[in-house]
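coords.cif, holding mmCIF, C-alpha atoms and all ligand atoms:
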```cif
data_my_file
#
loop_
_atom_site.group_PDB
_atom_site.id
_atom_site.type_symbol
_atom_site.label_atom_id
_atom_site.label_comp_id
_atom_site.auth_asym_id
_atom_site.auth_seq_id
_atom_site.Cartn_x
_atom_site.Cartn_y
_atom_site.Cartn_z
ATOM 1 C CA MET A 5 -15.871 18.252 -2.570
ATOM 2 C CA HIS A 6 -13.871 15.167 -3.391
ATOM 3 C CA SER A 7 -12.843 14.799 0.249
ATOM 4 C CA ASP A 8 -16.147 12.943 0.576
ATOM 5 C CA VAL A 9 -14.979 9.997 -1.526
ATOM 6 C CA PRO A 10 -16.283 6.696 -0.188
ATOM 7 C CA LYS A 11 -13.629 4.429 1.270
ATOM 8 C CA GLN A 12 -11.657 2.835 -1.523
ATOM 9 C CA ASP A 13 -10.154 -0.598 -1.532
ATOM 10 C CA LYS A 14 -7.054 -0.167 -3.628
ATOM 11 C CA ASP A 15 -6.944 -3.909 -4.309
ATOM 12 C CA HIS A 16 -10.360 -3.834 -5.871
ATOM 13 C CA SER A 17 -10.353 -1.728 -8.947
ATOM 14 C CA VAL A 18 -13.554 -2.036 -10.951
ATOM 15 C CA ILE A 19 -11.984 -1.584 -14.397
ATOM 16 C CA ASN A 20 -8.543 -2.726 -15.480
ATOM 17 C CA VAL A 21 -7.477 -1.925 -19.024
ATOM 18 C CA THR A 22 -4.157 -3.479 -19.997
ATOM 19 C CA GLY A 23 -2.265 -3.228 -23.273
ATOM 20 C CA LEU A 24 -5.299 -1.930 -25.169
ATOM 21 C CA VAL A 25 -4.850 -1.552 -28.918
ATOM 22 C CA ASN A 26 -7.559 -0.056 -31.135
ATOM 23 C CA ARG A 27 -7.056 0.654 -34.822
ATOM 24 C CA PHE A 28 -9.204 1.577 -37.749
ATOM 25 C CA GLY A 29 -7.379 0.346 -40.840
ATOM 26 C CA SER A 30 -3.893 1.784 -40.553
ATOM 27 C CA HIS A 31 -5.016 4.451 -38.080
ATOM 28 C CA ILE A 32 -3.862 3.447 -34.605
ATOM 29 C CA VAL A 33 -5.982 5.104 -31.927
ATOM 30 C CA HIS A 34 -4.702 3.262 -28.837
ATOM 31 C CA ASP A 35 -1.279 1.647 -28.664
ATOM 32 C CA HIS A 36 -0.949 -0.521 -25.540
ATOM 33 C CA LEU A 37 -2.948 1.770 -23.317
ATOM 34 C CA ASP A 38 -3.301 0.957 -19.597
ATOM 35 C CA LEU A 39 -5.874 2.457 -17.236
ATOM 36 C CA THR A 40 -7.581 1.553 -13.962
ATOM 37 C CA LEU A 41 -10.806 2.794 -12.400
ATOM 38 C CA GLU A 42 -10.819 2.376 -8.624
ATOM 39 C CA ARG A 43 -13.965 1.418 -6.743
ATOM 40 C CA GLY A 44 -15.991 4.468 -5.749
ATOM 41 C CA GLU A 45 -13.905 7.058 -7.556
ATOM 42 C CA ILE A 46 -14.885 9.578 -10.210
ATOM 43 C CA LEU A 47 -12.241 9.378 -12.915
ATOM 44 C CA GLY A 48 -12.207 12.148 -15.518
ATOM 45 C CA VAL A 49 -10.853 11.230 -18.954
ATOM 46 C CA VAL A 50 -9.583 14.143 -21.046
ATOM 47 C CA GLY A 51 -7.486 14.658 -24.150
ATOM 48 C CA GLY A 52 -7.449 16.531 -27.402
ATOM 49 C CA SER A 53 -10.081 15.894 -30.039
ATOM 50 C CA GLY A 54 -9.606 12.490 -31.658
ATOM 51 C CA THR A 55 -7.329 11.071 -28.945
ATOM 52 C CA GLY A 56 -9.729 8.169 -28.504
ATOM 53 C CA LYS A 57 -11.776 8.958 -25.382
ATOM 54 C CA SER A 58 -15.048 7.767 -26.864
ATOM 55 C CA VAL A 59 -13.426 4.719 -28.472
ATOM 56 C CA LEU A 60 -11.999 3.845 -25.056
ATOM 57 C CA LEU A 61 -15.399 4.188 -23.406
ATOM 58 C CA ARG A 62 -17.044 2.115 -26.155
ATOM 59 C CA SER A 63 -14.382 -0.579 -25.779
ATOM 60 C CA ILE A 64 -14.926 -0.801 -22.030
ATOM 61 C CA VAL A 65 -18.714 -1.037 -22.229
ATOM 62 C CA GLY A 66 -18.444 -3.734 -24.880
ATOM 63 C CA LEU A 67 -19.662 -1.757 -27.900
ATOM 64 C CA ARG A 68 -16.333 -2.197 -29.665
ATOM 65 C CA ARG A 69 -14.085 -5.207 -29.645
ATOM 66 C CA PRO A 70 -10.474 -4.055 -29.213
ATOM 67 C CA ASN A 71 -7.782 -5.291 -31.589
ATOM 68 C CA GLU A 72 -5.542 -6.295 -28.689
ATOM 69 C CA GLY A 73 -5.372 -6.079 -24.916
ATOM 70 C CA THR A 74 -7.459 -7.035 -21.919
ATOM 71 C CA ILE A 75 -10.339 -5.175 -20.350
ATOM 72 C CA LYS A 76 -11.400 -6.515 -16.982
ATOM 73 C CA VAL A 77 -14.603 -5.147 -15.584
ATOM 74 C CA LEU A 78 -15.534 -6.067 -12.014
ATOM 75 C CA GLY A 79 -12.834 -8.715 -12.170
ATOM 76 C CA THR A 80 -14.031 -10.355 -15.378
ATOM 77 C CA ALA A 81 -12.517 -10.080 -18.865
ATOM 78 C CA LEU A 82 -15.550 -9.010 -20.907
ATOM 79 C CA HIS A 83 -14.388 -10.248 -24.262
ATOM 80 C CA GLU A 84 -13.908 -13.800 -23.018
ATOM 81 C CA LEU A 85 -17.524 -14.136 -21.965
ATOM 82 C CA ASP A 86 -20.374 -15.592 -23.941
ATOM 83 C CA GLU A 87 -23.395 -13.418 -24.735
ATOM 84 C CA THR A 88 -25.410 -14.366 -21.638
ATOM 85 C CA GLU A 89 -22.586 -13.837 -19.184
ATOM 86 C CA ARG A 90 -21.633 -10.573 -20.848
ATOM 87 C CA SER A 91 -25.103 -9.167 -20.617
ATOM 88 C CA ARG A 92 -25.173 -10.121 -16.914
ATOM 89 C CA ILE A 93 -22.046 -7.979 -16.348
ATOM 90 C CA GLU A 94 -23.284 -5.222 -18.638
ATOM 91 C CA ARG A 95 -26.399 -4.865 -16.485
ATOM 92 C CA ARG A 96 -24.094 -3.532 -13.812
ATOM 93 C CA PHE A 97 -23.176 -0.561 -16.034
ATOM 94 C CA GLY A 98 -25.129 2.633 -16.416
ATOM 95 C CA VAL A 99 -24.274 4.582 -19.545
ATOM 96 C CA LEU A 100 -25.155 8.170 -20.389
ATOM 97 C CA PHE A 101 -24.144 9.062 -23.919
ATOM 98 C CA GLN A 102 -23.716 12.621 -25.081
ATOM 99 C CA GLN A 103 -26.977 12.614 -27.013
ATOM 100 C CA GLY A 104 -29.068 11.640 -23.951
ATOM 101 C CA ALA A 105 -30.955 9.137 -26.129
ATOM 102 C CA LEU A 106 -34.366 9.006 -24.495
ATOM 103 C CA PHE A 107 -37.196 7.599 -26.608
ATOM 104 C CA SER A 108 -39.204 10.582 -27.818
ATOM 105 C CA SER A 109 -42.460 8.599 -28.033
ATOM 106 C CA LEU A 110 -42.319 7.622 -24.342
ATOM 107 C CA ASN A 111 -42.792 9.835 -21.317
ATOM 108 C CA LEU A 112 -39.996 9.932 -18.730
ATOM 109 C CA GLN A 113 -41.550 7.346 -16.474
ATOM 110 C CA GLU A 114 -41.992 4.959 -19.420
ATOM 111 C CA ASN A 115 -38.449 5.625 -20.658
ATOM 112 C CA ILE A 116 -36.972 4.561 -17.336
ATOM 113 C CA ALA A 117 -39.460 1.764 -16.698
ATOM 114 C CA LEU A 118 -38.466 0.202 -20.028
ATOM 115 C CA ALA A 119 -34.997 -0.678 -18.733
ATOM 116 C CA LEU A 120 -36.521 -2.198 -15.601
ATOM 117 C CA ILE A 121 -39.060 -4.246 -17.549
ATOM 118 C CA GLU A 122 -36.544 -5.447 -20.138
ATOM 119 C CA HIS A 123 -33.562 -6.178 -17.917
ATOM 120 C CA ALA A 124 -34.953 -6.700 -14.418
ATOM 121 C CA LYS A 125 -38.202 -8.303 -15.684
ATOM 122 C CA LEU A 126 -40.291 -6.166 -13.336
ATOM 123 C CA PRO A 127 -44.060 -5.947 -13.874
ATOM 124 C CA ARG A 128 -45.019 -2.632 -15.499
ATOM 125 C CA GLU A 129 -46.654 -1.165 -12.401
ATOM 126 C CA ASP A 130 -43.604 -1.866 -10.202
ATOM 127 C CA ALA A 131 -41.259 -0.635 -12.919
ATOM 128 C CA GLU A 132 -43.150 2.647 -13.245
ATOM 129 C CA HIS A 133 -43.201 3.109 -9.485
ATOM 130 C CA LEU A 134 -39.441 2.556 -9.337
ATOM 131 C CA ALA A 135 -39.001 4.873 -12.333
ATOM 132 C CA ARG A 136 -40.705 7.663 -10.359
ATOM 133 C CA VAL A 137 -38.337 6.997 -7.455
ATOM 134 C CA LYS A 138 -35.347 7.317 -9.811
ATOM 135 C CA LEU A 139 -36.701 10.550 -11.263
ATOM 136 C CA SER A 140 -36.999 12.040 -7.802
ATOM 137 C CA LEU A 141 -33.479 10.805 -6.995
ATOM 138 C CA VAL A 142 -32.097 13.020 -9.763
ATOM 139 C CA GLY A 143 -34.092 16.000 -8.513
ATOM 140 C CA LEU A 144 -36.953 16.040 -11.022
ATOM 141 C CA PRO A 145 -40.411 17.023 -9.723
ATOM 142 C CA PRO A 146 -43.194 14.360 -9.620
ATOM 143 C CA GLU A 147 -45.045 15.914 -12.563
ATOM 144 C CA ALA A 148 -42.007 15.336 -14.822
ATOM 145 C CA ALA A 149 -42.798 11.601 -14.833
ATOM 146 C CA LEU A 150 -45.595 12.091 -17.374
ATOM 147 C CA GLN A 151 -43.784 14.606 -19.568
ATOM 148 C CA PHE A 152 -42.247 13.744 -22.932
ATOM 149 C CA PRO A 153 -38.597 14.537 -23.721
ATOM 150 C CA GLU A 154 -39.476 17.234 -26.281
ATOM 151 C CA SER A 155 -41.161 19.349 -23.605
ATOM 152 C CA LEU A 156 -38.111 19.393 -21.315
ATOM 153 C CA SER A 157 -35.135 21.705 -20.943
ATOM 154 C CA GLY A 158 -31.627 20.401 -21.713
ATOM 155 C CA GLY A 159 -30.858 20.178 -17.997
ATOM 156 C CA MET A 160 -34.001 18.139 -17.297
ATOM 157 C CA ILE A 161 -33.192 15.786 -20.167
ATOM 158 C CA LYS A 162 -29.712 15.170 -18.766
ATOM 159 C CA ARG A 163 -31.209 14.420 -15.375
ATOM 160 C CA ALA A 164 -33.774 12.070 -16.886
ATOM 161 C CA ALA A 165 -31.039 10.318 -18.885
ATOM 162 C CA LEU A 166 -29.057 10.004 -15.653
ATOM 163 C CA ALA A 167 -32.122 8.521 -13.943
ATOM 164 C CA ARG A 168 -32.314 5.964 -16.731
ATOM 165 C CA ALA A 169 -28.595 5.177 -16.463
ATOM 166 C CA LEU A 170 -29.202 4.592 -12.721
ATOM 167 C CA ALA A 171 -32.312 2.465 -13.271
ATOM 168 C CA LEU A 172 -30.611 -0.847 -12.557
ATOM 169 C CA ASP A 173 -28.495 0.452 -9.646
ATOM 170 C CA PRO A 174 -25.216 0.220 -11.571
ATOM 171 C CA ASP A 175 -21.819 -0.379 -10.002
ATOM 172 C CA ILE A 176 -20.179 1.723 -12.685
ATOM 173 C CA LEU A 177 -21.541 4.805 -14.385
ATOM 174 C CA PHE A 178 -20.129 5.831 -17.769
ATOM 175 C CA LEU A 179 -20.732 9.413 -18.802
ATOM 176 C CA ASP A 180 -19.749 10.871 -22.179
ATOM 177 C CA GLU A 181 -19.717 14.679 -22.041
ATOM 178 C CA PRO A 182 -22.655 14.898 -19.606
ATOM 179 C CA THR A 183 -22.595 18.698 -19.327
ATOM 180 C CA ALA A 184 -22.190 19.437 -23.051
ATOM 181 C CA GLY A 185 -24.897 21.843 -24.169
ATOM 182 C CA LEU A 186 -25.858 22.925 -20.643
ATOM 183 C CA ASP A 187 -25.499 26.521 -19.476
ATOM 184 C CA PRO A 188 -22.939 27.011 -16.673
ATOM 185 C CA ILE A 189 -25.570 26.957 -13.918
ATOM 186 C CA GLY A 190 -27.182 23.797 -15.296
ATOM 187 C CA ALA A 191 -23.752 22.198 -15.681
ATOM 188 C CA ALA A 192 -22.710 23.079 -12.112
ATOM 189 C CA SER A 193 -25.961 21.701 -10.768
ATOM 190 C CA PHE A 194 -25.464 18.453 -12.723
ATOM 191 C CA ASP A 195 -21.916 18.192 -11.312
ATOM 192 C CA GLN A 196 -23.219 18.655 -7.779
ATOM 193 C CA LEU A 197 -25.896 16.014 -8.357
ATOM 194 C CA LEU A 198 -23.311 13.540 -9.627
ATOM 195 C CA VAL A 199 -21.115 13.942 -6.549
ATOM 196 C CA THR A 200 -24.114 13.720 -4.199
ATOM 197 C CA LEU A 201 -25.353 10.523 -5.835
ATOM 198 C CA ARG A 202 -21.906 8.969 -5.930
ATOM 199 C CA ASN A 203 -21.419 9.739 -2.243
ATOM 200 C CA ALA A 204 -24.834 8.316 -1.388
ATOM 201 C CA LEU A 205 -24.832 5.253 -3.654
ATOM 202 C CA GLY A 206 -21.115 4.485 -3.894
ATOM 203 C CA PHE A 207 -20.887 3.736 -7.613
ATOM 204 C CA SER A 208 -17.704 4.379 -9.614
ATOM 205 C CA VAL A 209 -17.707 6.867 -12.471
ATOM 206 C CA PHE A 210 -15.840 6.897 -15.790
ATOM 207 C CA LEU A 211 -16.372 10.422 -17.053
ATOM 208 C CA VAL A 212 -15.296 11.657 -20.484
ATOM 209 C CA THR A 213 -15.424 15.432 -20.546
ATOM 210 C CA HIS A 214 -13.926 18.604 -21.974
ATOM 211 C CA ASP A 215 -15.505 20.644 -19.212
ATOM 212 C CA LEU A 216 -12.765 22.021 -16.956
ATOM 213 C CA ASP A 217 -15.251 23.168 -14.319
ATOM 214 C CA THR A 218 -16.570 19.610 -14.107
ATOM 215 C CA LEU A 219 -13.053 18.214 -13.790
ATOM 216 C CA TYR A 220 -12.266 20.503 -10.872
ATOM 217 C CA ALA A 221 -15.659 20.066 -9.226
ATOM 218 C CA VAL A 222 -16.125 16.306 -9.331
ATOM 219 C CA CYS A 223 -13.059 14.249 -10.248
ATOM 220 C CA ASP A 224 -10.950 12.344 -7.766
ATOM 221 C CA ARG A 225 -8.417 11.615 -10.500
ATOM 222 C CA VAL A 226 -7.949 12.724 -14.067
ATOM 223 C CA ALA A 227 -6.456 10.671 -16.919
ATOM 224 C CA VAL A 228 -5.003 12.479 -19.924
ATOM 225 C CA LEU A 229 -5.055 10.627 -23.241
ATOM 226 C CA SER A 230 -2.211 11.598 -25.535
ATOM 227 C CA GLN A 231 0.055 9.882 -28.026
ATOM 228 C CA LYS A 232 -2.257 6.859 -28.133
ATOM 229 C CA ARG A 233 -1.880 6.143 -24.409
ATOM 230 C CA VAL A 234 -2.652 7.499 -20.962
ATOM 231 C CA LEU A 235 0.000 10.170 -20.588
ATOM 232 C CA VAL A 236 -0.701 10.760 -16.904
ATOM 233 C CA VAL A 237 -3.362 9.816 -14.379
ATOM 234 C CA ASP A 238 -3.427 11.513 -10.999
ATOM 235 C CA THR A 239 -5.218 14.163 -8.947
ATOM 236 C CA ILE A 240 -6.069 17.198 -11.033
ATOM 237 C CA ASP A 241 -3.486 19.409 -9.317
ATOM 238 C CA LYS A 242 -0.709 16.952 -10.104
ATOM 239 C CA VAL A 243 -1.923 16.375 -13.653
ATOM 240 C CA ALA A 244 -1.948 20.134 -14.245
ATOM 241 C CA GLN A 245 1.776 20.193 -13.402
ATOM 242 C CA THR A 246 2.681 17.637 -16.069
ATOM 243 C CA ASP A 247 5.329 18.815 -18.461
ATOM 244 C CA ASP A 248 3.386 18.400 -21.702
ATOM 245 C CA GLU A 249 2.319 21.029 -24.197
ATOM 246 C CA TRP A 250 -1.319 19.972 -24.457
ATOM 247 C CA VAL A 251 -1.660 19.671 -20.666
ATOM 248 C CA GLN A 252 -0.099 23.095 -20.123
ATOM 249 C CA ASP A 253 -2.315 24.749 -22.752
ATOM 250 C CA TYR A 254 -5.421 23.031 -21.450
ATOM 251 C CA PHE A 255 -4.985 23.553 -17.712
ATOM 252 C CA HIS A 256 -3.112 26.838 -17.763
ATOM 253 C CA GLY A 257 -4.823 28.589 -20.674
ATOM 254 C CA PRO A 258 -7.487 31.207 -19.856
ATOM 255 C CA ARG A 259 -10.305 28.672 -19.363
ATOM 256 C CA GLY A 260 -8.159 26.391 -17.234
ATOM 257 C CA ARG A 261 -7.093 29.260 -14.997
ATOM 258 C CA ALA A 262 -10.690 30.462 -14.624
ATOM 259 C CA ALA A 263 -11.888 26.956 -13.687
ATOM 260 C CA GLN A 264 -9.101 26.568 -11.160
ATOM 261 C CA HIS A 265 -9.833 29.958 -9.577
ATOM 262 C CA ALA A 266 -13.544 29.214 -9.428
ATOM 263 C CA HIS A 267 -12.812 25.908 -7.715
ATOM 264 C CA THR A 268 -10.358 27.434 -5.246
ATOM 265 C CA ALA A 269 -12.839 30.188 -4.411
ATOM 266 C CA SER A 270 -15.717 27.750 -3.844
ATOM 267 C CA SER A 271 -13.806 25.029 -1.966
ATOM 268 C CA PRO A 272 -14.036 26.370 1.622
ATOM 269 C CA THR A 273 -17.800 26.832 1.282
ATOM 270 C CA THR A 274 -18.559 23.523 -0.418
ATOM 271 C CA ASP A 275 -16.419 21.530 1.978
ATOM 272 C CA SER A 276 -17.818 23.064 5.173
ATOM 273 C CA PRO A 277 -20.663 21.258 6.962
ATOM 274 C CA GLU A 278 -24.120 22.685 6.325
HETATM 275 N N1 LIG B 1 -16.007 3.761 -36.444
HETATM 276 C C1 LIG B 1 -14.885 4.376 -36.750
HETATM 277 N N2 LIG B 1 -14.274 4.209 -37.931
HETATM 278 C C2 LIG B 1 -13.116 4.829 -38.227
HETATM 279 N N3 LIG B 1 -12.475 5.677 -37.403
HETATM 280 C C3 LIG B 1 -13.050 5.896 -36.208
HETATM 281 C C4 LIG B 1 -14.265 5.270 -35.816
HETATM 282 N N4 LIG B 1 -14.578 5.676 -34.570
HETATM 283 C C5 LIG B 1 -13.588 6.531 -34.193
HETATM 284 N N5 LIG B 1 -12.688 6.652 -35.166
HETATM 285 C C6 LIG B 1 -11.470 7.482 -35.107
HETATM 286 O O1 LIG B 1 -10.814 7.220 -33.894
HETATM 287 C C7 LIG B 1 -10.234 8.406 -33.384
HETATM 288 C C8 LIG B 1 -10.688 8.608 -31.960
HETATM 289 O O2 LIG B 1 -12.068 8.930 -31.953
HETATM 290 P P1 LIG B 1 -12.856 9.295 -30.629
HETATM 291 O O3 LIG B 1 -14.254 9.606 -31.033
HETATM 292 O O4 LIG B 1 -12.662 8.244 -29.606
HETATM 293 O O5 LIG B 1 -12.087 10.611 -30.176
HETATM 294 P P2 LIG B 1 -12.399 11.546 -28.937
HETATM 295 O O6 LIG B 1 -11.150 11.659 -28.143
HETATM 296 O O7 LIG B 1 -13.613 11.038 -28.209
HETATM 297 O O8 LIG B 1 -12.676 12.914 -29.687
HETATM 298 P P3 LIG B 1 -13.641 14.156 -29.344
HETATM 299 O O9 LIG B 1 -13.055 14.799 -28.118
HETATM 300 O O10 LIG B 1 -13.522 15.022 -30.537
HETATM 301 O O11 LIG B 1 -15.036 13.603 -29.109
HETATM 302 C C9 LIG B 1 -10.644 9.529 -34.323
HETATM 303 O O12 LIG B 1 -9.573 9.793 -35.190
HETATM 304 C C10 LIG B 1 -11.825 8.952 -35.065
HETATM 305 O O13 LIG B 1 -11.898 9.490 -36.359
#
```

Take the structure from the file and write it as structure tokens.
Amino acid sequence: MHSDVPKQDKDHSVINVTGLVNRFGSHIVHDHLDLTLERGEILGVVGGSGTGKSVLLRSIVGLRRPNEGTIKVLGTALHELDETERSRIERRFGVLFQQGALFSSLNLQENIALALIEHAKLPREDAEHLARVKLSLVGLPPEAALQFPESLSGGMIKRAALARALALDPDILFLDEPTAGLDPIGAASFDQLLVTLRNALGFSVFLVTHDLDTLYAVCDRVAVLSQKRVLVVDTIDKVAQTDDEWVQDYFHGPRGRAAQHAHTASSPTTDSPE
């Protein structure tokens, strides 16, 4: 599936993290961590619990100011910008947090329109029209536009949250555990949707996940966080060969082997033209 990656310009990475340090009191989470997200790629970020995946994501999207280091997003160092300039760059991000975070008092169309009214200053009618387009983009039926989050399945909520993250046509999509809580069929269908949209729209994806099936199905590269840094970042097959205890347990334990077999078995079918 990842053979379909849009053409990448290796000189134009969209995120450059250099020498990142994050600490909470005496607890050092990141110690001079470096990482790059290339234009158009889906980068999976994995690591044991507490290795700092979410803190890294929050630092990059500007929700946490790092103690040291530089984070360049789309060529600009975020933390050097004033509020107005930063929000201009941040509009080019789409973020989907683990807890979907749709407003329960708004229907789906209103949830998505809100971002368009607030940030793109669209009139309500245009915003709601565009919201319906986004909902259909993520595969939701027209009638879902008027439904409220509480009446939807977990899979539909994830899709609606993705539609909202895509509302402003982002250059970079940040996803924190997007398939958590979905059954395997719902998760596989979300993975497929993500690849389809990335191929069609060309955005870059920073994906934090524990889901091995997702890693095999969607990621062009995988970064492993360990010992306060990026231990390795490469294609999943190369990462899986890294001589590290956590990597070996993760990729070659029972779940890792099952995910790899499932991917190998499905590859010829998914890669062949329809
Ligand atoms: N606001 C905070 N105050 C203090 N410590 C924090 C704070 N946020 C995160 N941490 C600590 O930073 C470390 C990294 O947390 P983070 O949530 O990024 O881990 P993670 O890799 O995403 O873990 P998981 O896979 O379990 O979600 C943890 O030890 C956590 O307790």

Inset, instruction - Determine, counting only C-alpha atoms, which protein, DNA and RNA residues have an atom within 12 Å of an atom of Ser157 in chain A; residues of the same chain fewer than 2 positions away are not included. Present the result as a list in words. - result: Leu144, Ala148, Gln151, Phe152, Pro153, Glu154, Ser155, Gly159, Met160, Ile161, Lys162, Arg163, Ala164, Gly185, Leu186, Asp187 and Gly190 of chain A

Residues of chain A within 6 Å of ligand LIG 1 (chain B): nearest atom pair and distance (Å, one decimal) for each, counting all atoms listed in the file, sorted by chain and number, as CSV?
```
residue,atom,partner,partner_atom,distance
A:Phe28,CA,B:LIG1,C2,5.1
A:Val33,CA,B:LIG1,C7,5.6
A:Gly52,CA,B:LIG1,O9,5.9
A:Ser53,CA,B:LIG1,O10,3.6
A:Gly54,CA,B:LIG1,O5,3.4
A:Thr55,CA,B:LIG1,O6,3.9
A:Gly56,CA,B:LIG1,O4,3.1
A:Lys57,CA,B:LIG1,O6,3.9
A:Ser58,CA,B:LIG1,O4,3.7
A:Val59,CA,B:LIG1,O4,3.8
```

Legend entry - Polymer residues at most 6 Å from Ala149 in chain A, only C-alpha atoms, same-chain spacing of 3 or more positions, as a PyMOL selection string: chain A and resi 112-113+146

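Using all atoms listed in the file, the nearest neighbour of Leu219 in chain A within the list A:Asp175, A:Asp180, A:Glu42, A:Asp195 is A:Asp195.
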
Inset, instruction - Pick out the closest residue to Gly73 in chain A from this set: A:Gln102, A:Ser109, A:Thr213, A:Asn20. Count all atoms listed in the file. - result: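 Of A:Gln102, A:Ser109, A:Thr213, A:Asn20, the one nearest Gly73 in chain A is A:Asn20, counting all atoms listed in the file.
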
Legend entry - CA of Leu198 in chain A to CA of Pro182 in chain A, distance in Å rounded to a single decimal: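 So the two atoms, CA of Leu198 in chain A and CA of Pro182 in chain A, lie 10.1 Å apart.
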
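When CA of Ser208 in chain A is paired with CA of Thr246 in chain A, their separation reads 25.2 Å.
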
Quick one: contact table of range 169-245 of chain A to range 125-136 of chain A, 12 Å max, nearest atom pair and distance in Å to one decimal per residue, counting all atoms listed in the file, chain and number order, as a tab-separated table?
```
residue	atom	partner	partner_atom	distance
A:Ala169	CA	A:Ala135	CA	11.2
A:Leu170	CA	A:Ala135	CA	9.8
A:Ala171	CA	A:Ala135	CA	7.2
A:Leu172	CA	A:Leu134	CA	10.0
A:Asp173	CA	A:Leu134	CA	11.2
```

Legend entry - Neighbour list for Asp224 in chain A as a list in words, cut-off 8 Å, all atoms listed in the file, skip fewer than 2 positions in-chain: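 Returned residues: His6, Val9, Glu45, Ile46, Leu47, Gly48, Val222, Val226, Thr239 and Ile240 of chain A.
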
Legend entry - Point-to-point distance from CA of Ala105 in chain A to CA of Gly158 in chain A, Å rounded to tenths: 12.1 Å

Legend entry - Pick from A:Ile32, A:Val199, A:Val49, A:Ala81 nearest to Val236 in chain A, counting only C-alpha atoms: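 Counting only C-alpha atoms, the residue closest to Val236 in chain A is A:Val49.
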
Legend entry - Nearest candidate to Asn71 in chain A (options A:Asp35, A:Glu94, A:Asp86, A:Glu147; using all atoms listed in the file): A:Asp35

Inset, instruction - List, as a PyMOL selection string, every residue that the PyMOL selection byres (((chain A and resi 41) around 6) and not hetatm) selects in the file provided. - result: chain A and resi 17-19+40+42

Fill-in result for range 214-230 of chain A, N, CA and C atoms as a CSV table (one decimal), in the frame of the given file:
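Here's the written file out_8.csv:
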```csv
chain,number,residue,atom,x,y,z
A,214,HIS,N,-14.8,17.5,-21.6
A,214,HIS,CA,-13.9,18.6,-22.0
A,214,HIS,C,-14.1,19.7,-21.0
A,215,ASP,N,-15.1,19.5,-20.1
A,215,ASP,CA,-15.5,20.6,-19.2
A,215,ASP,C,-14.6,20.8,-18.0
A,216,LEU,N,-13.8,21.8,-18.0
A,216,LEU,CA,-12.8,22.0,-17.0
A,216,LEU,C,-13.4,22.3,-15.6
A,217,ASP,N,-14.6,22.9,-15.6
A,217,ASP,CA,-15.3,23.2,-14.3
A,217,ASP,C,-15.7,21.8,-13.7
A,218,THR,N,-16.2,20.9,-14.6
A,218,THR,CA,-16.6,19.6,-14.1
A,218,THR,C,-15.4,18.9,-13.6
A,219,LEU,N,-14.2,18.9,-14.3
A,219,LEU,CA,-13.1,18.2,-13.8
A,219,LEU,C,-12.7,18.7,-12.4
A,220,TYR,N,-12.6,20.0,-12.2
A,220,TYR,CA,-12.3,20.5,-10.9
A,220,TYR,C,-13.3,20.2,-9.8
A,221,ALA,N,-14.6,20.2,-10.2
A,221,ALA,CA,-15.7,20.1,-9.2
A,221,ALA,C,-15.9,18.6,-8.8
A,222,VAL,N,-15.7,17.7,-9.7
A,222,VAL,CA,-16.1,16.3,-9.3
A,222,VAL,C,-15.1,15.2,-9.3
A,223,CYS,N,-13.9,15.4,-10.0
A,223,CYS,CA,-13.1,14.2,-10.2
A,223,CYS,C,-12.1,14.0,-9.1
A,224,ASP,N,-12.0,12.7,-8.7
A,224,ASP,CA,-11.0,12.3,-7.8
A,224,ASP,C,-9.6,12.2,-8.5
A,225,ARG,N,-9.6,11.7,-9.7
A,225,ARG,CA,-8.4,11.6,-10.5
A,225,ARG,C,-8.8,12.0,-11.9
A,226,VAL,N,-7.8,12.4,-12.7
A,226,VAL,CA,-7.9,12.7,-14.1
A,226,VAL,C,-6.9,12.0,-14.9
A,227,ALA,N,-7.4,11.4,-16.0
A,227,ALA,CA,-6.5,10.7,-16.9
A,227,ALA,C,-6.4,11.5,-18.2
A,228,VAL,N,-5.2,11.7,-18.7
A,228,VAL,CA,-5.0,12.5,-19.9
A,228,VAL,C,-4.6,11.5,-21.0
A,229,LEU,N,-5.4,11.5,-22.1
A,229,LEU,CA,-5.1,10.6,-23.2
A,229,LEU,C,-4.2,11.5,-24.2
A,230,SER,N,-3.1,10.9,-24.6
A,230,SER,CA,-2.2,11.6,-25.5
A,230,SER,C,-1.2,10.6,-26.1
```
